[in-house]
Amino acid sequence: MKLGAIEAGGTKFVCGIGNEHGEITDRISFPTTTPEETMGQVIQYFKEKDVEAIGIGSFGPVDLNKSSSTYGYITTTPKPYWNQYPVLGELQKHVNVPIGFDTDVNAAALGEVEWGAARGLSSCVYVTIGTGIGAGAIVEGKLLHGLLHPEMGHALIKRHPEDPFEGKCPYHHDCLEGMAAGPAIEMRWGKKGHELEQNDKVWEIEAYYLAQAVTNFIYILSPEKIILGGGVMKQKQLFPLIRNNVAQMLNGYVQKRELAEAIDDYIVPPGLGDNAGLSGALVLAKRELQQ
Ligand code: ADP
Ligand code: ZN
């Protein structure tokens, strides 16, 4: 099968071509500017490619309800120009093939279950910690949508006792995203994350917040794997810090090997690396053909 994939992000749109085995043979990215410009480039790219189906994993919030009049829209985003934008409909107008649509993080979770770190499992949570924080979930083999779609990035967390930072989320100030996304790190410390590698306090506080969220996700969804990706997780020292914090926070309450001696294999980076989102979009495309 020749399938198209789009990872529609707030910074860039990554487009690619691949097949039903997750092999990606072409990829290109376009900066996210105005819908006219960015979608113009996306449409141009796919017009010449002759794909059988396309999958879109999009930044959100998005409308995933197929019976809604705004299905396939990016809805209440604060991102200029993209509020209430019909990303799926615009592509469909110009490229007449089946198109699958879901959140960027749900797509990444799907890619990881199909070909990555959660292969063979029927549940996982994929969290991205980048410009924002988002998470997607597979539960009992299915993507979790519910009322809207999960917004785990805005989970409420307890403040670190040594952290006076007010928080950066425009809606909640000191929610998870407001305290732990890349821009929050930059604002709190006055430097970008990659320049703070040697400062242990930065990562101690960061791990404390991420571990609280992970602990809650474990309590709420009971996933068989937790995958942490995104730019901030390039700081690999975060992994052992988060695992230790999670083990401490759980305090032996949930008795599972995965949360004790095997925790190194439970909270992990994406098996597909930076391709998780694009690969997941291929699965969305494949599923659209199989329906
Ligand atoms: P996006 O979320 O826009 O798709 P990323 O996942 O790359 O993109 O996240 C970008 C954020 O991650 C920025 O805030 C950036 O400062 C931070 N970041 C990127 N690389 C690193 C790194 N090596 N160490 C710490 N933070 C990083
Ligand atoms: Zn928030």
# chains A, B, ... in the order shown; residues from 1 in each chain; ligands from 1
>>> select_by_dssp(residues="segment 41-275 of chain A", states="helix (DSSP H, G or I)", output="MDAnalysis selection string")
chainID A and resid 41:47 87:94 104:115 152:154 176:180 182:189 193:195 200:221 231:234 238:250 257:259 263:265 273:275
>>> residues_near_ligand(ligand="ligand 1", cutoff="7 Å", atoms="only C-alpha atoms and all ligand atoms", output="PyMOL selection string")
chain A and resi 9-11+128-132+181-183+186+192-194+230-235
>>> closest_residue(among="A:Pro240, A:Pro80, A:Pro161, A:Gly178", to="ligand 2", atoms="only C-alpha atoms and all ligand atoms")
A:Gly178
>>> closest_atom_pairs(of="segment 208-241 of chain A", to="segment 251-259 of chain A", cutoff="12 Å", atoms="only C-alpha atoms", output="CSV")
residue,atom,partner,partner_atom,distance
A:Val214,CA,A:Leu259,CA,11.5
A:Thr215,CA,A:Leu259,CA,10.2
A:Ile218,CA,A:Val254,CA,9.3
A:Tyr219,CA,A:Val254,CA,8.6
A:Ser222,CA,A:Val254,CA,10.0
A:Pro223,CA,A:Glu258,CA,10.5
A:Glu224,CA,A:Glu258,CA,8.1
A:Lys225,CA,A:Glu258,CA,8.6
A:Ile226,CA,A:Glu258,CA,10.6
>>> write_last_selection(atoms="N, CA and C atoms", output="PDB file, in the first residue's frame")
ATOM      1  N   VAL A 214       2.654  11.037  35.591  1.00  0.00           N
ATOM      2  CA  VAL A 214       2.764   9.618  35.227  1.00  0.00           C
ATOM      3  C   VAL A 214       2.079   8.745  36.285  1.00  0.00           C
ATOM      4  N   THR A 215       2.293   9.065  37.535  1.00  0.00           N
ATOM      5  CA  THR A 215       1.668   8.294  38.624  1.00  0.00           C
ATOM      6  C   THR A 215       0.145   8.352  38.507  1.00  0.00           C
ATOM      7  N   ILE A 218      -1.036   6.214  35.685  1.00  0.00           N
ATOM      8  CA  ILE A 218      -1.012   4.791  36.079  1.00  0.00           C
ATOM      9  C   ILE A 218      -2.266   4.467  36.896  1.00  0.00           C
ATOM     10  N   TYR A 219      -2.593   5.323  37.844  1.00  0.00           N
ATOM     11  CA  TYR A 219      -3.786   5.081  38.659  1.00  0.00           C
ATOM     12  C   TYR A 219      -5.072   5.102  37.829  1.00  0.00           C
ATOM     13  N   SER A 222      -4.169   2.598  34.072  1.00  0.00           N
ATOM     14  CA  SER A 222      -3.508   1.306  34.220  1.00  0.00           C
ATOM     15  C   SER A 222      -2.828   0.836  32.928  1.00  0.00           C
ATOM     16  N   PRO A 223      -2.064   1.709  32.277  1.00  0.00           N
ATOM     17  CA  PRO A 223      -1.443   1.323  31.009  1.00  0.00           C
ATOM     18  C   PRO A 223      -0.317   0.305  31.207  1.00  0.00           C
ATOM     19  N   GLU A 224      -0.087  -0.515  30.175  1.00  0.00           N
ATOM     20  CA  GLU A 224       0.991  -1.511  30.259  1.00  0.00           C
ATOM     21  C   GLU A 224       2.358  -0.914  29.910  1.00  0.00           C
ATOM     22  N   LYS A 225       2.358   0.301  29.375  1.00  0.00           N
ATOM     23  CA  LYS A 225       3.629   0.959  29.042  1.00  0.00           C
ATOM     24  C   LYS A 225       3.404   2.455  29.038  1.00  0.00           C
ATOM     25  N   ILE A 226       4.403   3.193  29.523  1.00  0.00           N
ATOM     26  CA  ILE A 226       4.339   4.656  29.448  1.00  0.00           C
ATOM     27  C   ILE A 226       5.530   5.139  28.638  1.00  0.00           C
TER      28      ILE A 226
END
>>> residues_near_ligand(ligand="ligand 2", cutoff="9 Å", atoms="only C-alpha atoms and all ligand atoms", output="list of chain:residue names")
A:Gly153, A:His154, A:Ala155, A:Leu156, A:Lys168, A:Cys169, A:Pro170, A:Tyr171, A:His172, A:His173, A:Asp174, A:Cys175, A:Leu176, A:Glu177, A:Gly178, A:Met179
>>> write_last_selection(atoms="N, CA, C and O atoms", output="JSON list (two decimals), in the first residue's frame")
[["chain", "number", "residue", "atom", "x", "y", "z"],
["A", 153, "GLY", "N", -2.21, 16.63, 29.39],
["A", 153, "GLY", "CA", -1.15, 17.63, 29.55],
["A", 153, "GLY", "C", -1.53, 18.73, 30.53],
["A", 153, "GLY", "O", -0.66, 19.42, 31.06],
["A", 154, "HIS", "N", -2.83, 18.88, 30.76],
["A", 154, "HIS", "CA", -3.26, 19.93, 31.69],
["A", 154, "HIS", "C", -3.64, 19.37, 33.06],
["A", 154, "HIS", "O", -4.36, 20.02, 33.83],
["A", 155, "ALA", "N", -3.15, 18.17, 33.34],
["A", 155, "ALA", "CA", -3.40, 17.56, 34.65],
["A", 155, "ALA", "C", -2.93, 18.52, 35.76],
["A", 155, "ALA", "O", -1.98, 19.30, 35.57],
["A", 156, "LEU", "N", -3.63, 18.46, 36.88],
["A", 156, "LEU", "CA", -3.26, 19.31, 38.02],
["A", 156, "LEU", "C", -2.20, 18.60, 38.84],
["A", 156, "LEU", "O", -2.29, 17.41, 39.10],
["A", 168, "LYS", "N", 2.90, 28.77, 33.34],
["A", 168, "LYS", "CA", 2.80, 29.45, 32.05],
["A", 168, "LYS", "C", 1.56, 29.09, 31.24],
["A", 168, "LYS", "O", 1.36, 29.57, 30.12],
["A", 169, "CYS", "N", 0.68, 28.24, 31.78],
["A", 169, "CYS", "CA", -0.50, 27.89, 30.99],
["A", 169, "CYS", "C", -1.49, 29.06, 30.99],
["A", 169, "CYS", "O", -1.84, 29.58, 32.04],
["A", 170, "PRO", "N", -1.94, 29.50, 29.79],
["A", 170, "PRO", "CA", -2.87, 30.64, 29.74],
["A", 170, "PRO", "C", -4.22, 30.34, 30.40],
["A", 170, "PRO", "O", -4.92, 31.26, 30.79],
["A", 171, "TYR", "N", -4.57, 29.08, 30.55],
["A", 171, "TYR", "CA", -5.84, 28.71, 31.16],
["A", 171, "TYR", "C", -5.72, 28.43, 32.66],
["A", 171, "TYR", "O", -6.59, 28.79, 33.44],
["A", 172, "HIS", "N", -4.65, 27.71, 33.05],
["A", 172, "HIS", "CA", -4.57, 27.22, 34.44],
["A", 172, "HIS", "C", -3.31, 27.67, 35.19],
["A", 172, "HIS", "O", -3.11, 27.27, 36.32],
["A", 173, "HIS", "N", -2.46, 28.42, 34.56],
["A", 173, "HIS", "CA", -1.17, 28.79, 35.15],
["A", 173, "HIS", "C", -0.32, 27.57, 35.49],
["A", 173, "HIS", "O", 0.46, 27.13, 34.70],
["A", 174, "ASP", "N", -0.54, 26.98, 36.71],
["A", 174, "ASP", "CA", 0.43, 25.97, 37.16],
["A", 174, "ASP", "C", -0.04, 24.52, 37.01],
["A", 174, "ASP", "O", 0.22, 23.69, 37.87],
["A", 175, "CYS", "N", -0.69, 24.22, 35.88],
["A", 175, "CYS", "CA", -0.97, 22.81, 35.55],
["A", 175, "CYS", "C", 0.33, 22.17, 35.06],
["A", 175, "CYS", "O", 1.37, 22.82, 35.00],
["A", 176, "LEU", "N", 0.25, 20.88, 34.70],
["A", 176, "LEU", "CA", 1.46, 20.17, 34.23],
["A", 176, "LEU", "C", 2.15, 20.92, 33.10],
["A", 176, "LEU", "O", 3.35, 21.21, 33.18],
["A", 177, "GLU", "N", 1.40, 21.25, 32.04],
["A", 177, "GLU", "CA", 2.00, 21.97, 30.91],
["A", 177, "GLU", "C", 2.58, 23.32, 31.35],
["A", 177, "GLU", "O", 3.65, 23.72, 30.92],
["A", 178, "GLY", "N", 1.84, 24.00, 32.19],
["A", 178, "GLY", "CA", 2.27, 25.32, 32.66],
["A", 178, "GLY", "C", 3.56, 25.27, 33.46],
["A", 178, "GLY", "O", 4.30, 26.26, 33.52],
["A", 179, "MET", "N", 3.83, 24.15, 34.09],
["A", 179, "MET", "CA", 5.02, 24.03, 34.94],
["A", 179, "MET", "C", 6.17, 23.26, 34.29],
["A", 179, "MET", "O", 7.32, 23.42, 34.69]]
>>> residues_around(residues="Val42 of chain A", least_positions_apart="6", cutoff="12 Å", atoms="only C-alpha atoms", output="JSON, numbers by chain")
{"A": [4, 5, 6, 7, 8, 12, 13, 14, 15, 16, 27, 28, 29, 30, 31, 32, 35, 36, 48, 49, 54, 56, 87, 88, 90, 91, 92, 94, 95]}
>>> atom_distance(atom1="atom CA of His145 of chain A", atom2="atom CA of Ala109 of chain A")
12.7 Å
>>> residues_around(residues="Gln291 of chain A", least_positions_apart="5", cutoff="12 Å", atoms="only C-alpha atoms", output="ChimeraX atom specification")
/A:53,98-100,284-286
>>> write_last_selection(atoms="N, CA and C atoms", output="PDB file, in the first residue's frame")
ATOM      1  N   ALA A  53      -4.477   6.346   0.748  1.00  0.00           N
ATOM      2  CA  ALA A  53      -5.172   6.923   1.906  1.00  0.00           C
ATOM      3  C   ALA A  53      -4.171   7.794   2.654  1.00  0.00           C
ATOM      4  N   PRO A  98      -9.538   8.225   1.109  1.00  0.00           N
ATOM      5  CA  PRO A  98      -9.948   8.160   2.522  1.00  0.00           C
ATOM      6  C   PRO A  98      -8.886   8.809   3.420  1.00  0.00           C
ATOM      7  N   ILE A  99      -9.346   9.596   4.391  1.00  0.00           N
ATOM      8  CA  ILE A  99      -8.408  10.282   5.292  1.00  0.00           C
ATOM      9  C   ILE A  99      -8.786  10.000   6.742  1.00  0.00           C
ATOM     10  N   GLY A 100      -7.856   9.447   7.491  1.00  0.00           N
ATOM     11  CA  GLY A 100      -8.056   9.206   8.926  1.00  0.00           C
ATOM     12  C   GLY A 100      -7.581  10.415   9.718  1.00  0.00           C
ATOM     13  N   LEU A 284      -3.248   5.300  10.972  1.00  0.00           N
ATOM     14  CA  LEU A 284      -4.567   5.937  10.783  1.00  0.00           C
ATOM     15  C   LEU A 284      -5.005   5.813   9.323  1.00  0.00           C
ATOM     16  N   ALA A 285      -4.065   5.991   8.400  1.00  0.00           N
ATOM     17  CA  ALA A 285      -4.382   5.864   6.965  1.00  0.00           C
ATOM     18  C   ALA A 285      -4.779   4.428   6.637  1.00  0.00           C
ATOM     19  N   LYS A 286      -3.979   3.483   7.128  1.00  0.00           N
ATOM     20  CA  LYS A 286      -4.239   2.066   6.868  1.00  0.00           C
ATOM     21  C   LYS A 286      -5.613   1.668   7.379  1.00  0.00           C
TER      22      LYS A 286
END
>>> closest_residue(among="A:Ala180, A:Ala135, A:Leu250, A:Ala281", to="Leu228 of chain A", atoms="only C-alpha atoms")
A:Ala135
>>> select_by_dssp(residues="segment 49-270 of chain A", states="strand (DSSP E or B)", output="PyMOL selection string")
chain A and resi 53-58+62+74+85+99-103+124-129+133-139+142-143+156+169+173+175+226-229+267-268
>>> write_last_selection(atoms="C-alpha atoms", output="short mmCIF file (atom, residue, chain, number, x, y, z; two decimals), in the first residue's frame")
data_model
loop_
_atom_site.label_atom_id
_atom_site.label_comp_id
_atom_site.auth_asym_id
_atom_site.auth_seq_id
_atom_site.Cartn_x
_atom_site.Cartn_y
_atom_site.Cartn_z
CA ALA A 53 -5.17 6.92 1.91
CA ILE A 54 -3.83 9.57 4.29
CA GLY A 55 -3.67 9.74 8.09
CA ILE A 56 -3.49 13.03 9.99
CA GLY A 57 -2.30 13.31 13.59
CA SER A 58 -3.03 16.90 14.54
CA VAL A 62 -9.62 18.85 17.55
CA ILE A 74 -8.85 22.21 14.84
CA TYR A 85 -9.99 25.51 11.00
CA ILE A 99 -8.41 10.28 5.29
CA GLY A 100 -8.06 9.21 8.93
CA PHE A 101 -7.89 11.85 11.63
CA ASP A 102 -6.89 11.92 15.29
CA THR A 103 -4.77 13.89 17.75
CA CYS A 124 -0.15 2.42 26.54
CA VAL A 125 0.10 6.11 27.24
CA TYR A 126 2.26 8.29 25.02
CA VAL A 127 3.24 11.65 26.50
CA THR A 128 5.06 14.36 24.58
CA ILE A 129 6.89 17.03 26.54
CA ILE A 133 2.48 18.70 26.90
CA GLY A 134 -0.01 16.24 25.45
CA ALA A 135 -0.78 12.61 25.90
CA GLY A 136 -2.59 9.96 23.91
CA ALA A 137 -3.85 6.64 25.18
CA ILE A 138 -4.64 3.19 23.87
CA VAL A 139 -7.02 1.34 26.17
CA LYS A 142 -8.54 1.18 21.15
CA LEU A 143 -7.68 4.84 20.97
CA LEU A 156 -3.26 19.31 38.02
CA CYS A 169 -0.50 27.89 30.99
CA HIS A 173 -1.17 28.79 35.15
CA CYS A 175 -0.97 22.81 35.55
CA ILE A 226 4.34 4.66 29.45
CA ILE A 227 6.26 6.30 26.64
CA LEU A 228 7.77 9.74 27.13
CA GLY A 229 8.83 11.70 24.04
CA ILE A 267 8.69 4.15 31.52
CA VAL A 268 10.61 4.42 28.28
#
>>> closest_residue(among="A:Arg119, A:Arg188, A:Arg159, A:His149", to="Gly271 of chain A", atoms="only C-alpha atoms")
A:Arg119
>>> decode(residues="segment 39-62 of chain A", atoms="N, CA, C and O atoms", output="PDB file, in the first residue's frame")
ATOM      1  N   MET A  39      -1.202  24.630   4.491  1.00  0.00           N
ATOM      2  CA  MET A  39      -2.034  23.601   3.860  1.00  0.00           C
ATOM      3  C   MET A  39      -1.845  23.605   2.349  1.00  0.00           C
ATOM      4  O   MET A  39      -1.939  22.566   1.705  1.00  0.00           O
ATOM      5  N   GLY A  40      -1.544  24.758   1.777  1.00  0.00           N
ATOM      6  CA  GLY A  40      -1.246  24.846   0.344  1.00  0.00           C
ATOM      7  C   GLY A  40      -0.061  23.940   0.001  1.00  0.00           C
ATOM      8  O   GLY A  40      -0.093  23.189  -0.982  1.00  0.00           O
ATOM      9  N   GLN A  41       0.968  23.994   0.850  1.00  0.00           N
ATOM     10  CA  GLN A  41       2.161  23.173   0.609  1.00  0.00           C
ATOM     11  C   GLN A  41       1.867  21.687   0.805  1.00  0.00           C
ATOM     12  O   GLN A  41       2.330  20.833   0.053  1.00  0.00           O
ATOM     13  N   VAL A  42       1.067  21.390   1.840  1.00  0.00           N
ATOM     14  CA  VAL A  42       0.711  20.002   2.129  1.00  0.00           C
ATOM     15  C   VAL A  42      -0.074  19.417   0.949  1.00  0.00           C
ATOM     16  O   VAL A  42       0.206  18.316   0.469  1.00  0.00           O
ATOM     17  N   ILE A  43      -1.050  20.184   0.472  1.00  0.00           N
ATOM     18  CA  ILE A  43      -1.907  19.717  -0.627  1.00  0.00           C
ATOM     19  C   ILE A  43      -1.068  19.508  -1.890  1.00  0.00           C
ATOM     20  O   ILE A  43      -1.182  18.491  -2.572  1.00  0.00           O
ATOM     21  N   GLN A  44      -0.208  20.448  -2.171  1.00  0.00           N
ATOM     22  CA  GLN A  44       0.681  20.338  -3.331  1.00  0.00           C
ATOM     23  C   GLN A  44       1.512  19.057  -3.262  1.00  0.00           C
ATOM     24  O   GLN A  44       1.643  18.317  -4.235  1.00  0.00           O
ATOM     25  N   TYR A  45       2.038  18.788  -2.070  1.00  0.00           N
ATOM     26  CA  TYR A  45       2.882  17.594  -1.863  1.00  0.00           C
ATOM     27  C   TYR A  45       2.100  16.314  -2.164  1.00  0.00           C
ATOM     28  O   TYR A  45       2.571  15.446  -2.902  1.00  0.00           O
ATOM     29  N   PHE A  46       0.890  16.211  -1.634  1.00  0.00           N
ATOM     30  CA  PHE A  46       0.141  14.962  -1.793  1.00  0.00           C
ATOM     31  C   PHE A  46      -0.511  14.830  -3.170  1.00  0.00           C
ATOM     32  O   PHE A  46      -0.766  13.724  -3.624  1.00  0.00           O
ATOM     33  N   LYS A  47      -0.754  15.954  -3.825  1.00  0.00           N
ATOM     34  CA  LYS A  47      -1.383  15.901  -5.154  1.00  0.00           C
ATOM     35  C   LYS A  47      -0.563  15.083  -6.138  1.00  0.00           C
ATOM     36  O   LYS A  47      -1.093  14.414  -7.012  1.00  0.00           O
ATOM     37  N   GLU A  48       0.742  15.129  -5.979  1.00  0.00           N
ATOM     38  CA  GLU A  48       1.620  14.445  -6.936  1.00  0.00           C
ATOM     39  C   GLU A  48       1.979  13.035  -6.483  1.00  0.00           C
ATOM     40  O   GLU A  48       2.719  12.336  -7.156  1.00  0.00           O
ATOM     41  N   LYS A  49       1.500  12.613  -5.335  1.00  0.00           N
ATOM     42  CA  LYS A  49       2.034  11.375  -4.756  1.00  0.00           C
ATOM     43  C   LYS A  49       1.180  10.136  -5.002  1.00  0.00           C
ATOM     44  O   LYS A  49       1.641   9.024  -4.831  1.00  0.00           O
ATOM     45  N   ASP A  50      -0.076  10.312  -5.361  1.00  0.00           N
ATOM     46  CA  ASP A  50      -0.918   9.174  -5.698  1.00  0.00           C
ATOM     47  C   ASP A  50      -1.025   8.131  -4.572  1.00  0.00           C
ATOM     48  O   ASP A  50      -0.822   6.939  -4.795  1.00  0.00           O
ATOM     49  N   VAL A  51      -1.311   8.608  -3.367  1.00  0.00           N
ATOM     50  CA  VAL A  51      -1.448   7.676  -2.238  1.00  0.00           C
ATOM     51  C   VAL A  51      -2.868   7.099  -2.194  1.00  0.00           C
ATOM     52  O   VAL A  51      -3.806   7.690  -2.742  1.00  0.00           O
ATOM     53  N   GLU A  52      -3.005   5.940  -1.511  1.00  0.00           N
ATOM     54  CA  GLU A  52      -4.321   5.298  -1.421  1.00  0.00           C
ATOM     55  C   GLU A  52      -5.155   5.851  -0.272  1.00  0.00           C
ATOM     56  O   GLU A  52      -6.379   5.767  -0.272  1.00  0.00           O
ATOM     57  N   ALA A  53      -4.477   6.346   0.748  1.00  0.00           N
ATOM     58  CA  ALA A  53      -5.172   6.923   1.906  1.00  0.00           C
ATOM     59  C   ALA A  53      -4.171   7.794   2.654  1.00  0.00           C
ATOM     60  O   ALA A  53      -2.959   7.665   2.469  1.00  0.00           O
ATOM     61  N   ILE A  54      -4.701   8.682   3.500  1.00  0.00           N
ATOM     62  CA  ILE A  54      -3.831   9.566   4.290  1.00  0.00           C
ATOM     63  C   ILE A  54      -4.289   9.516   5.748  1.00  0.00           C
ATOM     64  O   ILE A  54      -5.490   9.394   6.027  1.00  0.00           O
ATOM     65  N   GLY A  55      -3.345   9.592   6.663  1.00  0.00           N
ATOM     66  CA  GLY A  55      -3.666   9.737   8.087  1.00  0.00           C
ATOM     67  C   GLY A  55      -3.134  11.063   8.585  1.00  0.00           C
ATOM     68  O   GLY A  55      -2.034  11.476   8.216  1.00  0.00           O
ATOM     69  N   ILE A  56      -3.932  11.754   9.405  1.00  0.00           N
ATOM     70  CA  ILE A  56      -3.489  13.031   9.993  1.00  0.00           C
ATOM     71  C   ILE A  56      -3.499  12.894  11.509  1.00  0.00           C
ATOM     72  O   ILE A  56      -4.521  12.557  12.110  1.00  0.00           O
ATOM     73  N   GLY A  57      -2.364  13.152  12.136  1.00  0.00           N
ATOM     74  CA  GLY A  57      -2.305  13.314  13.595  1.00  0.00           C
ATOM     75  C   GLY A  57      -2.105  14.795  13.837  1.00  0.00           C
ATOM     76  O   GLY A  57      -1.104  15.365  13.419  1.00  0.00           O
ATOM     77  N   SER A  58      -3.056  15.441  14.489  1.00  0.00           N
ATOM     78  CA  SER A  58      -3.030  16.905  14.538  1.00  0.00           C
ATOM     79  C   SER A  58      -2.898  17.466  15.959  1.00  0.00           C
ATOM     80  O   SER A  58      -3.398  16.884  16.914  1.00  0.00           O
ATOM     81  N   PHE A  59      -2.275  18.642  16.049  1.00  0.00           N
ATOM     82  CA  PHE A  59      -2.320  19.388  17.311  1.00  0.00           C
ATOM     83  C   PHE A  59      -3.767  19.805  17.552  1.00  0.00           C
ATOM     84  O   PHE A  59      -4.584  19.792  16.622  1.00  0.00           O
ATOM     85  N   GLY A  60      -4.096  20.127  18.768  1.00  0.00           N
ATOM     86  CA  GLY A  60      -5.501  20.340  19.066  1.00  0.00           C
ATOM     87  C   GLY A  60      -5.749  21.574  19.909  1.00  0.00           C
ATOM     88  O   GLY A  60      -4.859  22.418  20.019  1.00  0.00           O
ATOM     89  N   PRO A  61      -6.907  21.631  20.498  1.00  0.00           N
ATOM     90  CA  PRO A  61      -7.940  20.597  20.473  1.00  0.00           C
ATOM     91  C   PRO A  61      -8.534  20.396  19.076  1.00  0.00           C
ATOM     92  O   PRO A  61      -8.572  21.333  18.275  1.00  0.00           O
ATOM     93  N   VAL A  62      -8.988  19.180  18.826  1.00  0.00           N
ATOM     94  CA  VAL A  62      -9.616  18.855  17.549  1.00  0.00           C
ATOM     95  C   VAL A  62     -10.976  18.223  17.796  1.00  0.00           C
ATOM     96  O   VAL A  62     -11.244  17.732  18.890  1.00  0.00           O
TER      97      VAL A  62
END
